[in-house]
file model-v5.cif (mmCIF, C-alpha atoms)
data_structure
loop_
_atom_site.label_atom_id
_atom_site.label_comp_id
_atom_site.auth_asym_id
_atom_site.auth_seq_id
_atom_site.Cartn_x
_atom_site.Cartn_y
_atom_site.Cartn_z
CA MET A 8 56.55 111.65 172.01
CA ASN A 9 53.94 114.17 171.01
CA CYS A 10 54.19 117.77 172.18
CA PRO A 11 51.64 118.55 174.91
CA ILE A 12 51.06 122.01 173.45
CA CYS A 13 50.47 121.42 169.75
CA GLY A 14 49.94 117.66 169.84
CA TRP A 15 52.56 116.89 167.20
CA GLU A 16 56.05 115.44 167.45
CA HIS A 17 58.86 118.00 167.30
CA PHE A 18 61.68 115.78 168.35
CA PRO A 19 61.83 112.66 166.20
CA ALA A 20 63.58 109.58 167.53
CA ALA A 21 67.34 109.79 167.96
CA GLY A 22 69.41 108.47 165.12
CA ARG A 23 67.31 110.10 162.39
CA GLY A 24 69.80 112.91 162.09
CA ARG A 25 67.31 115.55 163.11
CA THR A 26 68.01 118.34 165.48
CA ALA A 27 65.98 121.09 167.02
CA PRO A 28 67.29 124.53 167.91
CA ALA A 29 68.31 124.99 171.51
CA LYS A 30 65.27 126.84 172.78
CA GLY A 31 64.83 124.97 176.01
CA GLY A 32 62.74 122.36 174.26
CA SER A 33 59.60 124.45 174.29
CA CYS A 34 57.04 124.20 171.54
CA PRO A 35 57.79 126.67 168.72
CA TYR A 36 54.07 127.02 168.06
CA LYS A 37 53.24 127.91 171.66
CA GLY A 38 51.07 131.00 171.84
CA THR A 39 50.21 131.00 168.15
CA GLU A 40 46.64 130.84 166.92
CA TYR A 41 45.74 127.38 165.58
CA ALA A 42 49.03 126.02 166.95
CA GLU A 43 48.00 122.41 166.37
CA LEU A 44 47.08 123.05 162.73
CA ARG A 45 50.30 124.94 162.03
CA ALA A 46 52.39 122.24 163.71
CA GLY A 47 50.53 119.46 161.92
CA HIS A 48 51.01 121.18 158.60
CA ASP A 49 54.72 121.70 159.13
CA GLN A 50 55.27 118.17 160.36
CA ILE A 51 54.06 117.01 156.97
CA TYR A 52 55.55 119.88 154.98
CA PHE A 53 59.05 119.13 156.22
CA GLY A 54 58.46 115.38 156.31
CA ARG A 55 60.75 112.77 154.80
CA TRP A 56 58.12 111.76 152.23
CA ARG A 57 59.07 114.78 150.12
CA GLY A 58 62.74 113.82 150.01
CA MET A 59 64.52 111.96 147.23
CA ASP A 60 65.15 109.03 149.58
CA ALA A 61 61.54 108.68 150.76
CA ASN A 62 60.31 105.11 151.08
CA SER A 63 56.82 103.67 151.14
CA ILE A 64 56.66 103.90 154.94
CA ASP A 65 57.34 107.65 154.76
CA LEU A 66 54.56 108.04 152.20
CA ARG A 67 52.07 106.07 154.23
CA ARG A 68 52.96 108.05 157.34
CA ALA A 69 52.41 111.30 155.45
CA TYR A 70 49.06 110.00 154.21
CA HIS A 71 47.88 109.26 157.75
CA GLN A 72 49.28 112.54 159.11
CA LEU A 73 47.44 114.43 156.37
CA GLY A 74 44.22 112.62 157.21
CA ARG A 75 44.59 113.67 160.83
CA LEU A 76 45.43 117.26 159.87
CA LEU A 77 42.41 117.56 157.57
CA ARG A 78 40.11 116.19 160.26
CA ASP A 79 41.53 118.71 162.75
CA ILE A 80 40.98 121.49 160.23
CA ALA A 81 37.40 120.33 159.67
CA VAL A 82 36.74 120.62 163.40
CA ALA A 83 38.21 124.14 163.50
CA LEU A 84 36.17 125.15 160.44
CA GLU A 85 32.90 124.06 162.02
CA LYS A 86 33.03 127.16 164.23
CA GLU A 87 33.79 129.60 161.40
CA ASP A 88 31.82 130.99 158.49
CA VAL A 89 34.46 130.69 155.78
CA PRO A 90 32.86 129.10 152.71
CA ALA A 91 35.99 129.44 150.55
CA ALA A 92 37.91 127.43 153.12
CA ARG A 93 35.22 124.74 153.16
CA LEU A 94 35.53 124.45 149.40
CA ASP A 95 39.29 124.04 149.70
CA LEU A 96 38.99 121.52 152.50
CA GLY A 97 36.72 119.45 150.27
CA LYS A 98 39.38 119.57 147.57
CA ALA A 99 42.02 118.54 150.11
CA PHE A 100 40.01 115.47 151.10
CA ASP A 101 39.47 114.66 147.40
CA ALA A 102 43.21 114.88 146.78
CA LEU A 103 43.94 112.68 149.79
CA ARG A 104 41.45 110.10 148.53
CA GLY A 105 43.20 110.31 145.16
CA ALA A 106 46.44 109.25 146.82
CA GLY A 107 44.77 106.32 148.57
CA PRO A 108 45.97 104.50 151.69
CA GLY A 109 48.37 102.31 149.71
CA VAL A 110 50.05 105.49 148.49
CA GLU A 111 52.78 104.66 145.93
CA GLY A 112 54.32 106.37 142.92
CA PRO A 113 54.58 109.89 141.56
CA GLU A 114 50.84 110.29 141.01
CA ALA A 115 50.10 109.56 144.66
CA LEU A 116 52.87 111.95 145.66
CA ARG A 117 51.27 114.65 143.56
CA HIS A 118 47.91 114.06 145.25
CA LEU A 119 49.50 114.31 148.70
CA ASP A 120 51.23 117.50 147.68
CA HIS A 121 47.95 118.99 146.48
CA ALA A 122 46.14 117.96 149.65
CA LEU A 123 48.83 119.68 151.72
CA SER A 124 48.62 122.85 149.61
CA TYR A 125 44.87 123.02 150.06
CA ALA A 126 45.31 122.46 153.79
CA HIS A 127 47.78 125.33 153.93
CA ARG A 128 45.32 127.60 152.16
CA VAL A 129 42.54 126.69 154.60
CA ILE A 130 44.79 127.41 157.58
CA GLY A 131 45.58 130.76 155.95
CA ASP A 132 41.86 131.46 155.59
CA LEU A 133 41.25 130.67 159.25
CA LEU A 134 44.07 133.00 160.28
CA HIS A 135 42.83 135.71 157.92
CA GLU A 136 39.42 135.58 159.58
CA LYS A 137 41.16 136.31 162.87
CA GLY A 138 43.10 139.19 161.31
CA LEU A 139 46.41 137.33 161.40
CA ALA A 140 49.12 136.85 158.79
CA PRO A 141 49.16 133.52 156.95
CA HIS A 142 51.19 130.66 158.34
CA SER A 143 54.69 130.48 156.93
CA PRO A 144 56.44 127.12 157.40
CA ALA A 145 59.75 128.82 156.64
CA ASP A 146 59.48 130.61 159.99
CA PHE A 147 59.65 127.21 161.73
CA ALA A 148 62.15 125.49 159.43
CA GLY A 149 64.83 125.54 162.12
CA TRP A 150 62.83 123.03 164.10
CA PHE A 151 62.80 120.50 161.35
CA ASP A 152 65.34 118.57 159.38
CA ALA A 153 64.84 120.85 156.43
CA ALA A 154 67.68 120.55 153.98
CA GLU A 155 66.47 123.67 152.25
CA VAL A 156 63.84 126.20 153.11
CA PRO A 157 61.26 126.07 150.36
CA PHE A 158 60.77 129.07 148.16
CA ARG A 159 58.66 131.79 149.72
CA GLU A 160 57.10 134.67 147.94
CA ASP A 161 54.26 136.88 149.01
CA TRP A 162 52.46 139.49 147.07
CA MET B 30 22.86 140.85 149.80
CA ILE B 31 26.47 141.96 150.15
CA PRO B 32 27.92 140.81 153.50
CA LEU B 33 29.40 144.10 154.67
CA ASP B 34 28.92 143.42 158.37
CA ARG B 35 32.46 141.98 158.55
CA TYR B 36 33.94 145.46 157.99
CA PRO B 37 36.03 147.17 159.15
CA LYS B 38 38.27 144.11 159.26
CA GLU B 39 41.79 144.20 160.64
CA ILE B 40 44.54 142.19 158.96
CA THR B 41 48.20 141.59 159.79
CA LEU B 42 50.94 141.79 157.21
CA ARG B 43 54.13 139.80 157.03
CA ASP B 44 56.05 142.56 158.83
CA ASP B 45 53.49 142.49 161.66
CA ALA B 46 52.08 145.84 160.58
CA ARG B 47 48.29 146.12 160.68
CA ALA B 48 45.86 147.41 158.10
CA ILE B 49 42.11 147.80 157.96
CA LEU B 50 39.99 146.42 155.14
CA ARG B 51 36.70 148.16 154.45
CA PRO B 52 34.53 149.22 151.51
CA MET B 53 35.43 152.54 149.90
CA LEU B 54 33.41 155.54 151.12
CA PRO B 55 32.78 158.89 149.41
CA GLU B 56 35.29 160.55 151.75
CA ASP B 57 38.07 158.25 150.48
CA ALA B 58 38.49 160.26 147.27
CA GLU B 59 41.62 162.02 148.55
CA GLY B 60 43.22 158.81 149.85
CA LEU B 61 42.44 156.93 146.67
CA TRP B 62 43.82 159.75 144.56
CA ASN B 63 47.09 159.71 146.51
CA PHE B 64 47.22 155.92 146.23
CA LEU B 65 46.69 155.90 142.48
CA ARG B 66 49.39 158.50 141.96
CA GLN B 67 51.98 156.12 143.46
CA LEU B 68 51.18 153.27 141.11
CA PRO B 69 53.53 152.41 138.26
CA GLU B 70 52.29 153.08 134.74
CA ILE B 71 51.70 149.40 134.05
CA ASP B 72 49.15 149.21 136.89
CA LYS B 73 47.28 152.24 135.62
CA SER B 74 46.82 150.49 132.28
CA HIS B 75 44.03 148.41 133.84
CA PHE B 76 41.69 151.35 134.09
CA HIS B 77 39.16 152.30 131.48
CA GLU B 78 39.53 155.93 132.45
CA ASP B 79 42.44 158.27 132.92
CA VAL B 80 43.22 157.95 136.62
CA ASP B 81 45.73 160.79 136.40
CA ARG B 82 42.73 163.09 136.35
CA ARG B 83 41.54 163.89 139.83
CA GLU B 84 37.95 164.50 138.73
CA VAL B 85 37.74 160.87 137.59
CA VAL B 86 38.56 159.63 141.10
CA GLU B 87 36.20 162.16 142.68
CA ARG B 88 33.39 161.00 140.41
CA TRP B 89 34.00 157.37 141.43
CA ALA B 90 33.86 158.31 145.09
CA ALA B 91 30.66 160.29 144.61
CA SER B 92 28.84 157.56 142.68
CA LEU B 93 29.56 154.40 144.66
CA ASP B 94 27.20 151.53 143.89
CA TYR B 95 28.38 148.42 145.73
CA ASP B 96 25.96 146.15 143.86
CA ALA B 97 27.79 146.86 140.61
CA VAL B 98 31.29 147.81 141.77
CA LEU B 99 32.50 146.97 145.26
CA PRO B 100 35.90 148.49 146.06
CA ILE B 101 37.52 147.21 149.26
CA LEU B 102 40.39 149.35 150.45
CA ALA B 103 43.31 148.40 152.68
CA ILE B 104 43.98 151.41 154.89
CA ARG B 105 46.45 152.41 157.57
CA GLY B 106 45.71 155.71 159.24
CA ASP B 107 44.42 157.77 156.35
CA ARG B 108 46.66 156.15 153.77
CA VAL B 109 45.31 153.69 151.19
CA LEU B 110 47.76 150.78 150.81
CA GLY B 111 45.82 148.69 148.35
CA SER B 112 42.48 148.02 146.76
CA VAL B 113 40.56 145.05 145.49
CA THR B 114 37.48 145.73 143.43
CA LEU B 115 34.69 143.31 142.56
CA PHE B 116 32.76 144.15 139.41
CA ARG B 117 29.40 142.45 138.89
CA ASN B 118 26.62 142.48 136.35
CA ARG B 119 23.17 142.57 137.91
CA THR B 120 21.57 140.72 135.02
CA GLY B 121 22.55 138.76 131.97
CA TRP B 122 24.75 135.80 131.28
CA LYS B 123 27.69 137.06 133.35
CA GLN B 124 25.71 137.83 136.50
CA ARG B 125 27.38 134.91 138.33
CA ILE B 126 30.87 136.01 137.35
CA GLY B 127 32.76 138.48 139.48
CA ILE B 128 35.58 140.34 137.78
CA ILE B 129 38.31 141.46 140.15
CA ARG B 130 41.07 144.03 140.05
CA ILE B 131 43.77 144.18 142.73
CA LEU B 132 46.24 147.01 143.18
CA ILE B 133 48.93 147.26 145.84
CA ALA B 134 51.08 150.27 146.71
CA PRO B 135 54.64 149.60 145.50
CA ASP B 136 56.09 149.95 149.00
CA HIS B 137 53.61 147.42 150.41
CA ARG B 138 54.23 144.57 147.97
CA HIS B 139 55.62 141.21 149.09
CA LEU B 140 54.12 141.65 152.56
CA GLY B 141 51.12 139.41 151.98
CA LEU B 142 48.69 142.27 151.39
CA GLY B 143 47.82 141.08 147.89
CA THR B 144 47.20 137.57 149.18
CA ALA B 145 45.02 138.90 152.02
CA MET B 146 42.97 140.84 149.50
CA ILE B 147 42.55 137.77 147.31
CA ARG B 148 41.30 135.88 150.40
CA GLU B 149 38.87 138.68 151.07
CA ILE B 150 37.45 138.71 147.56
CA ARG B 151 37.12 134.91 147.55
CA HIS B 152 35.07 135.24 150.72
CA LEU B 153 32.82 137.87 149.17
CA GLY B 154 32.48 135.84 145.97
CA GLU B 155 31.34 132.83 147.98
CA LYS B 156 28.92 134.89 150.05
CA LEU B 157 27.43 136.37 146.88
CA SER B 158 26.97 132.87 145.41
CA LEU B 159 29.05 133.66 142.37
CA ASN B 160 30.18 130.86 140.09
CA TYR B 161 33.55 132.31 139.16
CA LEU B 162 35.95 135.07 139.95
CA LEU B 163 37.87 136.31 136.93
CA ALA B 164 41.14 138.23 137.06
CA GLU B 165 42.94 139.78 134.11
CA VAL B 166 46.64 140.37 134.70
CA ILE B 167 49.45 141.45 132.45
CA GLU B 168 51.51 138.27 132.38
CA GLU B 169 54.80 139.92 133.20
CA GLN B 170 53.36 140.80 136.62
CA GLN B 171 54.50 137.39 137.78
CA ALA B 172 54.15 137.97 141.52
CA ALA B 173 50.47 138.74 141.03
CA VAL B 174 49.95 135.76 138.73
CA ARG B 175 51.64 133.41 141.19
CA ALA B 176 49.70 134.81 144.15
CA LEU B 177 46.42 134.32 142.30
CA GLU B 178 47.38 130.77 141.31
CA ARG B 179 48.38 129.90 144.86
CA MET B 180 44.96 131.05 145.99
CA GLY B 181 43.12 128.77 143.58
CA PHE B 182 42.93 130.80 140.38
CA GLU B 183 43.74 128.85 137.23
CA LYS B 184 45.13 130.34 134.08
CA ALA B 185 42.33 129.97 131.54
CA ALA B 186 43.95 131.81 128.65
CA VAL B 187 46.89 133.95 127.69
CA TYR B 188 46.44 136.42 124.87
CA ARG B 189 49.78 137.29 123.31
CA LYS B 190 50.56 140.94 122.54
CA PHE B 191 46.95 141.72 123.29
CA VAL B 192 46.71 144.79 125.50
CA ASN B 193 48.54 148.06 125.27
CA ASP B 194 49.89 150.15 128.09
CA ARG B 195 49.53 153.90 128.15
CA ASN B 196 52.64 154.26 126.02
CA GLY B 197 51.22 152.00 123.33
CA ARG B 198 53.48 149.03 124.08
CA LEU B 199 51.80 145.63 123.73
CA HIS B 200 51.69 143.08 126.56
CA ASP B 201 50.48 139.51 127.06
CA LEU B 202 47.23 139.31 129.01
CA ALA B 203 46.61 136.35 131.34
CA VAL B 204 43.01 135.54 132.22
CA LEU B 205 42.67 133.61 135.47
CA LEU B 206 39.52 131.98 136.79
CA HIS B 207 38.62 130.83 140.28
CA PRO B 208 35.69 128.42 140.46
CA LEU B 209 33.45 128.99 143.48
CA SER B 210 30.87 126.90 145.31
CA GLY B 211 28.01 128.55 143.37
CA LEU B 212 29.08 126.44 140.40
CA GLY B 213 27.94 123.26 142.13
CA LYS B 214 24.54 124.59 143.21
#
call {"tool": "encode", "arguments": {"input": "model-v5.cif", "output": "structure tokens"}}
result
Amino acid sequence: MNCPICGWEHFPAAGRGRTAPAKGGSCPYKGTEYAELRAGHDQIYFGRWRGMDANSIDLRRAYHQLGRLLRDIAVALEKEDVPAARLDLGKAFDALRGAGPGVEGPEALRHLDHALSYAHRVIGDLLHEKGLAPHSPADFAGWFDAAEVPFREDW
Amino acid sequence: MIPLDRYPKEITLRDDARAILRPMLPEDAEGLWNFLRQLPEIDKSHFHEDVDRREVVERWAASLDYDAVLPILAIRGDRVLGSVTLFRNRTGWKQRIGIIRILIAPDHRHLGLGTAMIREIRHLGEKLSLNYLLAEVIEEQQAAVRALERMGFEKAAVYRKFVNDRNGRLHDLAVLLHPLSGLGK
């Protein structure tokens, strides 16, 4: 079931081995700027498609989730004057097209990964325009089945 | 036309502290001088002039020309925390290339300030219809190189044992380029 606040699914179906921290079940993105974009990004970022045991269904799901995320970002960008972000969004769509809907193999995986990186940069640009710190998925890792928190380094 | 109407611009760092971004003004000479004094020697190697001489900094502040050199400072209170400078040629074959230099106070590194300043300069580069931003970084400054790469800069060249620091030691110089929308126009 999708979260009524951010529109994404925080609590995957039982039996997938995923748990969420006991925070009364509220949305971890509640009250954050661009909550739906952050949540959408993290849903993909921590998704099974990046794991060693990912199957073709996981990849196709990630492809469709990324398509939705990029469309949501495009809508948010329409209201902002951030040309660098528009450039990156274009690159994200290009990368997604490179993966293709039948997404298979390491090359497609690489394209998905690039599309997600560009999406993250665009979300960061949107937040920067509002004077906010960039989105850090690591801050929300506890809500996902993240075996390891990816490397984070800021300058 | 330089889009300066977005300043002063507030930003938030990773530790939730705030800073203001705005172009350098003549009255920033003191703040800039104090900022430059905190920088490690390796960072001072970027400059063409001796920034340990106060009159150099005062001359910069007194002769600001944003069309050629646009310094954006990150400020909290009256303290300068960082600077990103965009150098442009008004004419000639490099007039669509913006050369950038980013400096961050040692006690404000790894808080996202450098990344915020890269975002800012990308925005200005786009608004000025530049084709490329170019950054030159001593390769051992890996945090800076990685931050630039994460923001879309690509390593175009590395010159081995190419530049010297102020003690005469040689370092590898990485040249990073960021293509901008102007390239496709």
call {"tool": "atom_distance", "arguments": {"input": "model-v5.cif", "atom1": "atom CA of Leu110 of chain B", "atom2": "atom CA of Glu87 of chain A"}}
result
27.5 Å
call {"tool": "residues_around", "arguments": {"input": "model-v5.cif", "residues": "Asp79 of chain A", "least_positions_apart": "3", "cutoff": "12 Å", "atoms": "all atoms listed in the file", "output": "PyMOL selection string"}}
result
chain A and resi 13-14+41-48+72-76+82-85+96+126+129-130
call {"tool": "resolve_selection", "arguments": {"input": "model-v5.cif", "expression": "the PyMOL selection byres ((chain B) within 9 of (chain A))", "output": "PyMOL selection string"}}
result
chain B and resi 38-45+47+133+137-145+148-149+151-152+154-156+172-173+175-176+179-181+209-210
call {"tool": "atom_distance", "arguments": {"input": "model-v5.cif", "atom1": "atom CA of Ala134 of chain B", "atom2": "atom CA of Leu205 of chain B"}}
result
21.8 Å
call {"tool": "residues_around", "arguments": {"input": "model-v5.cif", "residues": "Val98 of chain B", "least_positions_apart": "2", "cutoff": "10 Å", "atoms": "all atoms listed in the file", "output": "PyMOL selection string"}}
result
chain B and resi 89+93-96+100-101+114-118+127-129
call {"tool": "residues_around", "arguments": {"input": "model-v5.cif", "residues": "Ile126 of chain B", "least_positions_apart": "3", "cutoff": "8 Å", "atoms": "all atoms listed in the file", "output": "NGL selection string"}}
result
:B and (117-118 or 123 or 159-163)
call {"tool": "write_last_selection", "arguments": {"input": "model-v5.cif", "atoms": "C-alpha atoms", "output": "compact mmCIF listing (two decimals), in the frame of the given file"}}
result
# COMPACT_ATOMS: atom_id res chain seq x y z
CA ARG B 117 29.40 142.45 138.89
CA ASN B 118 26.62 142.48 136.35
CA LYS B 123 27.69 137.06 133.35
CA LEU B 159 29.05 133.66 142.37
CA ASN B 160 30.18 130.86 140.09
CA TYR B 161 33.55 132.31 139.16
CA LEU B 162 35.95 135.07 139.95
CA LEU B 163 37.87 136.31 136.93
call {"tool": "closest_residue", "arguments": {"input": "model-v5.cif", "among": "A:Cys34, A:Ile12, A:Ile80, A:Ala115", "to": "Trp56 of chain A", "atoms": "only C-alpha atoms"}}
result
A:Ala115
call {"tool": "resolve_selection", "arguments": {"input": "model-v5.cif", "expression": "the PyMOL selection byres ((chain A and resi 62-66) around 10)", "output": "list in words"}}
result
Gly54, Arg55, Trp56, Arg57, Gly58, Met59, Asp60, Ala61, Arg67, Arg68, Ala69, Tyr70, His71, Gln72, Ala106, Pro108, Gly109, Val110, Glu111, Gly112, Ala115, Leu116 and Leu119 of chain A
call {"tool": "residues_around", "arguments": {"input": "model-v5.cif", "residues": "Leu132 of chain B", "least_positions_apart": "6", "cutoff": "8 Å", "atoms": "all atoms listed in the file", "output": "list of chain:residue names"}}
result
B:Asp72, B:Gly111, B:Ser112, B:Val113, B:Gly143
call {"tool": "atom_distance", "arguments": {"input": "model-v5.cif", "atom1": "atom CA of His207 of chain B", "atom2": "atom CA of Leu50 of chain B"}}
result
21.6 Å
call {"tool": "closest_residue", "arguments": {"input": "model-v5.cif", "among": "B:Arg125, B:Leu199, B:Val109, B:Ile131", "to": "Phe64 of chain B", "atoms": "all atoms listed in the file"}}
result
B:Val109
